[in-house]
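Student: See run.cif below, with mmCIF, C-alpha atoms.
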data_model
#
loop_
_atom_site.group_PDB
_atom_site.id
_atom_site.type_symbol
_atom_site.label_atom_id
_atom_site.label_comp_id
_atom_site.auth_asym_id
_atom_site.auth_seq_id
_atom_site.Cartn_x
_atom_site.Cartn_y
_atom_site.Cartn_z
ATOM 1 C CA MET A 1 0.000 0.000 0.000
ATOM 2 C CA ILE A 2 2.808 2.437 0.843
ATOM 3 C CA LYS A 3 4.655 1.672 -2.384
ATOM 4 C CA GLU A 4 1.453 2.149 -4.373
ATOM 5 C CA ILE A 5 0.563 5.494 -2.836
ATOM 6 C CA PHE A 6 4.105 6.846 -3.085
ATOM 7 C CA GLU A 7 4.263 5.928 -6.778
ATOM 8 C CA TYR A 8 0.991 7.786 -7.246
ATOM 9 C CA ILE A 9 2.258 10.847 -5.360
ATOM 10 C CA ASP A 10 5.584 10.899 -7.235
ATOM 11 C CA ASN A 11 3.756 10.752 -10.573
ATOM 12 C CA ASN A 12 1.013 13.246 -9.770
ATOM 13 C CA PHE A 13 1.979 15.387 -6.774
ATOM 14 C CA PRO A 14 5.776 15.562 -6.362
ATOM 15 C CA ASP A 15 6.606 16.526 -2.774
ATOM 16 C CA PHE A 16 2.861 16.316 -2.043
ATOM 17 C CA GLU A 17 2.261 19.536 -3.995
ATOM 18 C CA SER A 18 0.696 20.870 -7.178
ATOM 19 C CA ASP A 19 0.595 24.270 -8.880
ATOM 20 C CA ILE A 20 -3.165 23.778 -8.931
ATOM 21 C CA HIS A 21 -4.194 24.256 -5.325
ATOM 22 C CA ILE A 22 -6.210 26.431 -3.012
ATOM 23 C CA ARG A 23 -5.384 27.569 0.503
ATOM 24 C CA PHE A 24 -7.954 28.538 3.105
ATOM 25 C CA GLU A 25 -7.615 30.719 6.188
ATOM 26 C CA LEU A 26 -9.107 28.966 9.194
ATOM 27 C CA ALA A 27 -8.345 31.062 12.283
ATOM 28 C CA GLU A 28 -8.324 34.797 11.597
ATOM 29 C CA PRO A 29 -9.254 37.220 13.104
ATOM 30 C CA PHE A 30 -9.262 35.486 16.478
ATOM 31 C CA ARG A 31 -6.253 35.529 18.789
ATOM 32 C CA ASN A 32 -4.059 32.522 19.533
ATOM 33 C CA GLY A 33 -5.341 30.282 22.297
ATOM 34 C CA SER A 34 -8.886 31.647 22.309
ATOM 35 C CA LYS A 35 -11.943 29.401 22.309
ATOM 36 C CA ARG A 36 -13.461 31.429 19.468
ATOM 37 C CA ARG A 37 -10.396 30.734 17.319
ATOM 38 C CA ILE A 38 -10.547 26.974 17.867
ATOM 39 C CA LYS A 39 -14.312 26.921 17.321
ATOM 40 C CA GLN A 40 -14.007 28.709 13.980
ATOM 41 C CA VAL A 41 -11.023 26.595 12.882
ATOM 42 C CA ASN A 42 -12.838 23.330 13.504
ATOM 43 C CA LYS A 43 -16.067 24.494 11.875
ATOM 44 C CA ARG A 44 -14.317 25.753 8.755
ATOM 45 C CA VAL A 45 -11.951 22.844 8.242
ATOM 46 C CA VAL A 46 -14.662 20.197 8.636
ATOM 47 C CA THR A 47 -16.910 22.144 6.251
ATOM 48 C CA ILE A 48 -14.165 22.316 3.610
ATOM 49 C CA PHE A 49 -13.219 18.660 4.116
ATOM 50 C CA GLU A 50 -16.813 17.498 3.669
ATOM 51 C CA GLU A 51 -17.178 19.652 0.550
ATOM 52 C CA THR A 52 -14.005 18.057 -0.821
ATOM 53 C CA PHE A 53 -14.849 14.441 -0.037
ATOM 54 C CA ASN A 54 -18.067 12.458 0.070
ATOM 55 C CA GLN A 55 -18.598 9.925 2.830
ATOM 56 C CA ASN A 56 -18.358 7.078 0.307
ATOM 57 C CA ASP A 57 -15.139 8.293 -1.328
ATOM 58 C CA PHE A 58 -12.238 5.862 -1.055
ATOM 59 C CA ILE A 59 -9.215 7.642 0.386
ATOM 60 C CA TYR A 60 -5.766 7.009 1.769
ATOM 61 C CA VAL A 61 -4.737 8.542 5.070
ATOM 62 C CA LEU A 62 -0.980 9.048 5.090
ATOM 63 C CA ILE A 63 0.752 9.967 8.344
ATOM 64 C CA LYS A 64 4.293 11.312 8.361
ATOM 65 C CA ASP A 65 5.671 10.968 11.876
ATOM 66 C CA TRP A 66 8.932 12.591 12.965
ATOM 67 C CA GLY A 67 8.392 11.949 16.635
ATOM 68 C CA ASN A 68 9.466 14.976 18.684
ATOM 69 C CA GLN A 69 12.776 15.577 16.956
ATOM 70 C CA ASN A 70 11.465 18.038 14.346
ATOM 71 C CA ASP A 71 9.670 20.452 16.655
ATOM 72 C CA PRO A 72 11.547 21.627 19.744
ATOM 73 C CA MET A 73 9.145 24.568 20.207
ATOM 74 C CA PHE A 74 5.879 22.674 20.528
ATOM 75 C CA GLY A 75 6.819 19.013 20.867
ATOM 76 C CA ASN A 76 4.069 16.438 20.616
ATOM 77 C CA THR A 77 2.516 16.067 24.048
ATOM 78 C CA THR A 78 0.068 13.366 22.947
ATOM 79 C CA PRO A 79 2.093 11.517 20.273
ATOM 80 C CA LYS A 80 -0.071 8.387 20.313
ATOM 81 C CA TYR A 81 -3.415 10.157 20.056
ATOM 82 C CA ILE A 82 -3.802 9.815 16.303
ATOM 83 C CA TYR A 83 -3.085 6.091 16.508
ATOM 84 C CA LYS A 84 -5.677 5.734 19.254
ATOM 85 C CA LEU A 85 -8.172 7.371 16.909
ATOM 86 C CA MET A 86 -7.105 5.043 14.101
ATOM 87 C CA ASN A 87 -7.450 1.933 16.273
ATOM 88 C CA GLY A 88 -9.048 -0.808 14.228
ATOM 89 C CA GLN A 89 -7.751 0.533 10.925
ATOM 90 C CA ILE A 90 -5.233 -1.536 8.999
ATOM 91 C CA ILE A 91 -2.057 0.519 8.953
ATOM 92 C CA GLU A 92 1.031 -0.230 6.909
ATOM 93 C CA GLU A 93 4.203 1.489 8.010
ATOM 94 C CA ARG A 94 7.748 2.015 6.840
ATOM 95 C CA THR A 95 10.767 3.931 8.098
ATOM 96 C CA PHE A 96 12.546 6.430 5.847
ATOM 97 C CA LEU A 97 15.607 8.638 6.040
ATOM 98 C CA GLU A 98 15.711 12.226 4.866
ATOM 99 C CA VAL A 99 18.842 14.347 4.556
ATOM 100 C CA ASP A 100 18.588 17.842 6.021
ATOM 101 C CA GLU A 101 21.293 19.931 4.370
ATOM 102 C CA HIS A 102 22.659 23.214 5.688
ATOM 103 C CA GLU A 103 25.871 25.237 5.701
ATOM 104 C CA ASP A 104 28.168 25.575 8.681
ATOM 105 C CA ASP A 105 29.932 28.805 9.712
ATOM 106 C CA GLU A 106 32.668 28.141 7.145
ATOM 107 C CA GLY A 107 30.254 27.659 4.278
ATOM 108 C CA LYS A 108 30.631 23.896 4.122
ATOM 109 C CA ARG A 109 27.484 21.956 3.299
ATOM 110 C CA LEU A 110 26.526 19.454 5.946
ATOM 111 C CA GLY A 111 23.918 16.771 5.746
ATOM 112 C CA ILE A 112 22.087 15.389 8.763
ATOM 113 C CA LYS A 113 20.118 12.184 8.325
ATOM 114 C CA LEU A 114 16.711 12.363 9.961
ATOM 115 C CA GLU A 115 14.598 9.271 10.484
ATOM 116 C CA TYR A 116 10.836 9.364 10.166
ATOM 117 C CA GLN A 117 7.994 6.915 9.757
ATOM 118 C CA VAL A 118 5.260 6.845 7.165
ATOM 119 C CA LYS A 119 2.031 5.088 8.059
ATOM 120 C CA VAL A 120 -0.793 4.569 5.585
ATOM 121 C CA SER A 121 -4.349 3.354 5.918
ATOM 122 C CA ALA A 122 -7.091 3.181 3.296
ATOM 123 C CA GLY A 123 -10.860 3.014 3.306
ATOM 124 C CA LEU A 124 -14.049 4.992 2.869
ATOM 125 C CA VAL A 125 -14.131 8.503 4.293
ATOM 126 C CA SER A 126 -16.931 7.430 6.636
ATOM 127 C CA THR A 127 -14.654 4.862 8.299
ATOM 128 C CA PHE A 128 -12.121 7.460 9.474
ATOM 129 C CA PRO A 129 -12.552 9.761 12.499
ATOM 130 C CA TYR A 130 -11.606 12.757 10.371
ATOM 131 C CA ILE A 131 -13.404 15.294 12.579
ATOM 132 C CA GLU A 132 -11.324 14.264 15.613
ATOM 133 C CA ILE A 133 -8.129 14.148 13.523
ATOM 134 C CA LEU A 134 -8.668 17.671 12.201
ATOM 135 C CA GLU A 135 -9.518 18.921 15.676
ATOM 136 C CA GLY A 136 -6.330 17.341 17.037
ATOM 137 C CA ILE A 137 -4.283 19.168 14.394
ATOM 138 C CA SER A 138 -6.002 22.439 15.328
ATOM 139 C CA HIS A 139 -4.977 21.939 18.963
ATOM 140 C CA TYR A 140 -1.288 21.362 18.289
ATOM 141 C CA GLU A 141 0.081 24.909 18.265
ATOM 142 C CA GLN A 142 -2.630 26.241 20.562
ATOM 143 C CA GLY A 143 -1.435 24.427 23.669
ATOM 144 C CA ARG A 144 -4.511 22.228 23.812
ATOM 145 C CA GLU A 145 -4.820 18.487 24.274
ATOM 146 C CA PRO A 146 -5.243 15.999 22.848
ATOM 147 C CA SER A 147 -3.233 17.232 19.892
ATOM 148 C CA ILE A 148 -1.784 15.799 16.694
ATOM 149 C CA GLY A 149 1.696 16.932 15.684
ATOM 150 C CA GLN A 150 2.155 14.488 12.824
ATOM 151 C CA ASN A 151 1.660 15.542 9.203
ATOM 152 C CA VAL A 152 -1.579 13.982 7.976
ATOM 153 C CA TYR A 153 -2.553 13.829 4.301
ATOM 154 C CA PHE A 154 -5.963 12.716 3.003
ATOM 155 C CA ILE A 155 -5.518 11.450 -0.552
ATOM 156 C CA SER A 156 -8.076 10.484 -3.190
ATOM 157 C CA LYS A 157 -6.692 8.791 -6.289
ATOM 158 C CA ASP A 158 -10.150 8.800 -7.861
ATOM 159 C CA LYS A 159 -10.486 12.579 -7.538
ATOM 160 C CA ASP A 160 -6.751 13.322 -7.808
ATOM 161 C CA ILE A 161 -6.842 15.403 -4.641
ATOM 162 C CA ILE A 162 -4.634 15.801 -1.583
ATOM 163 C CA PHE A 163 -6.124 17.524 1.463
ATOM 164 C CA TYR A 164 -3.654 18.781 4.053
ATOM 165 C CA MET A 165 -4.311 20.815 7.188
ATOM 166 C CA TYR A 166 -0.927 22.143 8.274
ATOM 167 C CA ASP A 167 -2.072 23.628 11.611
ATOM 168 C CA ASP A 168 -4.801 25.854 13.068
ATOM 169 C CA ARG A 169 -3.946 28.631 10.618
ATOM 170 C CA GLY A 170 -5.046 26.920 7.453
ATOM 171 C CA CYS A 171 -5.486 24.010 5.093
ATOM 172 C CA ILE A 172 -4.446 23.463 1.512
ATOM 173 C CA ILE A 173 -5.997 21.282 -1.181
ATOM 174 C CA HIS A 174 -3.939 20.159 -4.181
ATOM 175 C CA ALA A 175 -5.591 18.829 -7.326
ATOM 176 C CA SER A 176 -4.743 17.747 -10.851
ATOM 177 C CA SER A 177 -7.228 20.101 -12.529
ATOM 178 C CA LYS A 178 -8.841 23.470 -11.811
ATOM 179 C CA ASP A 179 -12.339 22.061 -12.276
ATOM 180 C CA GLN A 180 -11.960 19.966 -9.127
ATOM 181 C CA LEU A 181 -11.318 23.038 -6.972
ATOM 182 C CA ARG A 182 -13.318 25.745 -8.720
ATOM 183 C CA PRO A 183 -16.557 25.029 -6.757
ATOM 184 C CA LEU A 184 -14.637 25.472 -3.508
ATOM 185 C CA TYR A 185 -13.089 28.681 -4.826
ATOM 186 C CA PHE A 186 -16.471 30.260 -5.505
ATOM 187 C CA LYS A 187 -18.384 28.890 -2.518
ATOM 188 C CA TYR A 188 -15.751 29.751 0.092
ATOM 189 C CA HIS A 189 -14.048 32.670 -1.609
ATOM 190 C CA ASP A 190 -14.184 34.744 1.586
ATOM 191 C CA TRP A 191 -12.108 32.117 3.404
ATOM 192 C CA ILE A 192 -9.180 32.161 0.956
ATOM 193 C CA VAL A 193 -5.938 33.408 2.509
ATOM 194 C CA ASN A 194 -5.513 37.067 1.647
ATOM 195 C CA TYR A 195 -1.784 36.950 0.931
ATOM 196 C CA HIS A 196 -2.351 34.436 -1.901
ATOM 197 C CA ARG A 197 -5.754 35.680 -3.030
ATOM 198 C CA GLU A 198 -4.494 37.299 -6.261
ATOM 199 C CA TYR A 199 -2.820 34.035 -7.307
ATOM 200 C CA PHE A 200 -6.000 32.038 -6.744
ATOM 201 C CA ASP A 201 -8.184 34.669 -8.435
ATOM 202 C CA ASN A 202 -5.979 34.416 -11.520
ATOM 203 C CA LEU A 203 -5.919 30.618 -11.333
ATOM 204 C CA PHE A 204 -9.658 30.059 -11.085
ATOM 205 C CA LYS A 205 -11.176 33.004 -12.906
ATOM 206 C CA GLU A 206 -13.414 32.112 -15.808
ATOM 207 C CA VAL A 207 -11.774 32.343 -19.232
#
For the structure just supplied, provide its representation as structure tokens.

Tutor:
Amino acid sequence: MIKEIFEYIDNNFPDFESDIHIRFELAEPFRNGSKRRIKQVNKRVVTIFEETFNQNDFIYVLIKDWGNQNDPMFGNTTPKYIYKLMNGQIIEERTFLEVDEHEDDEGKRLGIKLEYQVKVSAGLVSTFPYIEILEGISHYEQGREPSIGQNVYFISKDKDIIFYMYDDRGCIIHASSKDQLRPLYFKYHDWIVNYHREYFDNLFKEV
């Protein structure tokens, strides 16, 4: 399953990205840590998710887990929470190495090997606790528990879509064609992030 989904991603969404995408603001204008912020985040992200996927859509849920090593600021205070939510799902996992390159004070390029795990499950949207997963992601940088610090991607090969909520600030949906995202663009135009609004207006405007 992991080999299959990675071949699909490499062929269609290198680095889990696409030039055809749309990014939504979830939290503004509410302040960090406020109940109103979390309430709006969770309402918006679930609304967008359920507009993107139907309950009977077959999807892959891909979890990229770095443990605590990649985030010294926040850490992951409930690192097993997502797996508790996924209990009962068949999960295939594999360990990978990624090289993090940077320059030292003398300008020499150094590479540090970082180990991470990829875990993949597949099934109908209705079989996944996506509301709780999205809520856990929204909690992560807000100091709330239980939280999810792992990267979680919802992938539909049938629709050629990747849905990714990066934190409480926003979510991004990648697709293979504009037609897949244009309904979202028009219906939730007010939620599009302002600093990329011109790009998305140009991308989805009618020709």

Student: In Å to one decimal, how far is CA of Pro79 in chain A from CA of Trp66 in chain A?

Tutor: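 Pair CA of Trp66 in chain A / CA of Pro79 in chain A returns 10.1 Å.
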
Student: Could you write out as a list in words the residues that the PyMOL selection byres ((chain A and resi 126-137) around 7) matches in the shown file?

Tutor: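 In the shown coordinates, the PyMOL selection byres ((chain A and resi 126-137) around 7) covers Asn42, Val46, Gln55, Asn56, Ile82, Leu85, Gly123, Leu124, Val125, Ser138, His139, Tyr140, Pro146, Ser147, Ile148, Gly149, Asp167 and Asp168 of chain A.
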
Student: Taking the file as shown, what set of residues would the PyMOL selection byres ((chain A and resi 61) around 12) give back, as a tab-separated table (two decimals) with C-alpha atoms, keeping the file's coordinate frame?

Tutor:
chain	number	residue	atom	x	y	z
A	1	MET	CA	0.00	0.00	0.00
A	2	ILE	CA	2.81	2.44	0.84
A	5	ILE	CA	0.56	5.49	-2.84
A	58	PHE	CA	-12.24	5.86	-1.06
A	59	ILE	CA	-9.22	7.64	0.39
A	60	TYR	CA	-5.77	7.01	1.77
A	62	LEU	CA	-0.98	9.05	5.09
A	63	ILE	CA	0.75	9.97	8.34
A	64	LYS	CA	4.29	11.31	8.36
A	82	ILE	CA	-3.80	9.82	16.30
A	83	TYR	CA	-3.08	6.09	16.51
A	86	MET	CA	-7.10	5.04	14.10
A	89	GLN	CA	-7.75	0.53	10.92
A	90	ILE	CA	-5.23	-1.54	9.00
A	91	ILE	CA	-2.06	0.52	8.95
A	92	GLU	CA	1.03	-0.23	6.91
A	93	GLU	CA	4.20	1.49	8.01
A	118	VAL	CA	5.26	6.84	7.16
A	119	LYS	CA	2.03	5.09	8.06
A	120	VAL	CA	-0.79	4.57	5.58
A	121	SER	CA	-4.35	3.35	5.92
A	122	ALA	CA	-7.09	3.18	3.30
A	123	GLY	CA	-10.86	3.01	3.31
A	124	LEU	CA	-14.05	4.99	2.87
A	125	VAL	CA	-14.13	8.50	4.29
A	127	THR	CA	-14.65	4.86	8.30
A	128	PHE	CA	-12.12	7.46	9.47
A	129	PRO	CA	-12.55	9.76	12.50
A	130	TYR	CA	-11.61	12.76	10.37
A	133	ILE	CA	-8.13	14.15	13.52
A	150	GLN	CA	2.15	14.49	12.82
A	151	ASN	CA	1.66	15.54	9.20
A	152	VAL	CA	-1.58	13.98	7.98
A	153	TYR	CA	-2.55	13.83	4.30
A	154	PHE	CA	-5.96	12.72	3.00
A	155	ILE	CA	-5.52	11.45	-0.55
A	156	SER	CA	-8.08	10.48	-3.19
A	157	LYS	CA	-6.69	8.79	-6.29
A	162	ILE	CA	-4.63	15.80	-1.58
A	163	PHE	CA	-6.12	17.52	1.46
A	164	TYR	CA	-3.65	18.78	4.05

Student: Quick one: of A:Ile9, A:Trp191, A:Gln180, A:Thr47, who's nearest to Pro29 in chain A, counting all atoms listed in the file?

Tutor: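 Closest to Pro29 in chain A, using all atoms listed in the file: A:Trp191.
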
Student: Once you count all atoms listed in the file, which residues end up no further than 12 Å from (2.0, 14.1, -11.4) in the file's frame, shown as a list in words?

Tutor: Phe6, Glu7, Tyr8, Ile9, Asp10, Asn11, Asn12, Phe13, Pro14, Asp15, Phe16, Glu17, Ser18, Asp19, Ile20, Lys157, Asp160, Ile161, Ile162, His174, Ala175, Ser176 and Ser177 of chain A

Student: Between CA of Asp57 in chain A and CA of Tyr188 in chain A, what is the distance, to one decimal in Å?

Tutor: 21.5 Å

Student: Which value, in Å to one decimal, gives the distance between CA of Lys84 in chain A and CA of Glu115 in chain A?

Tutor: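 Pair CA of Lys84 in chain A / CA of Glu115 in chain A returns 22.4 Å.
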
Student: Please give the centre and size of the box around range 115-129 of chain A (axis-aligned, containing every atom listed in the file, 3 Å added per side), with values in Å to one decimal and written as lines of an AutoDock Vina configuration file.

Tutor:
center_x = -1.2
center_y = 6.4
center_z = 7.7
size_x = 37.5
size_y = 12.7
size_z = 15.6
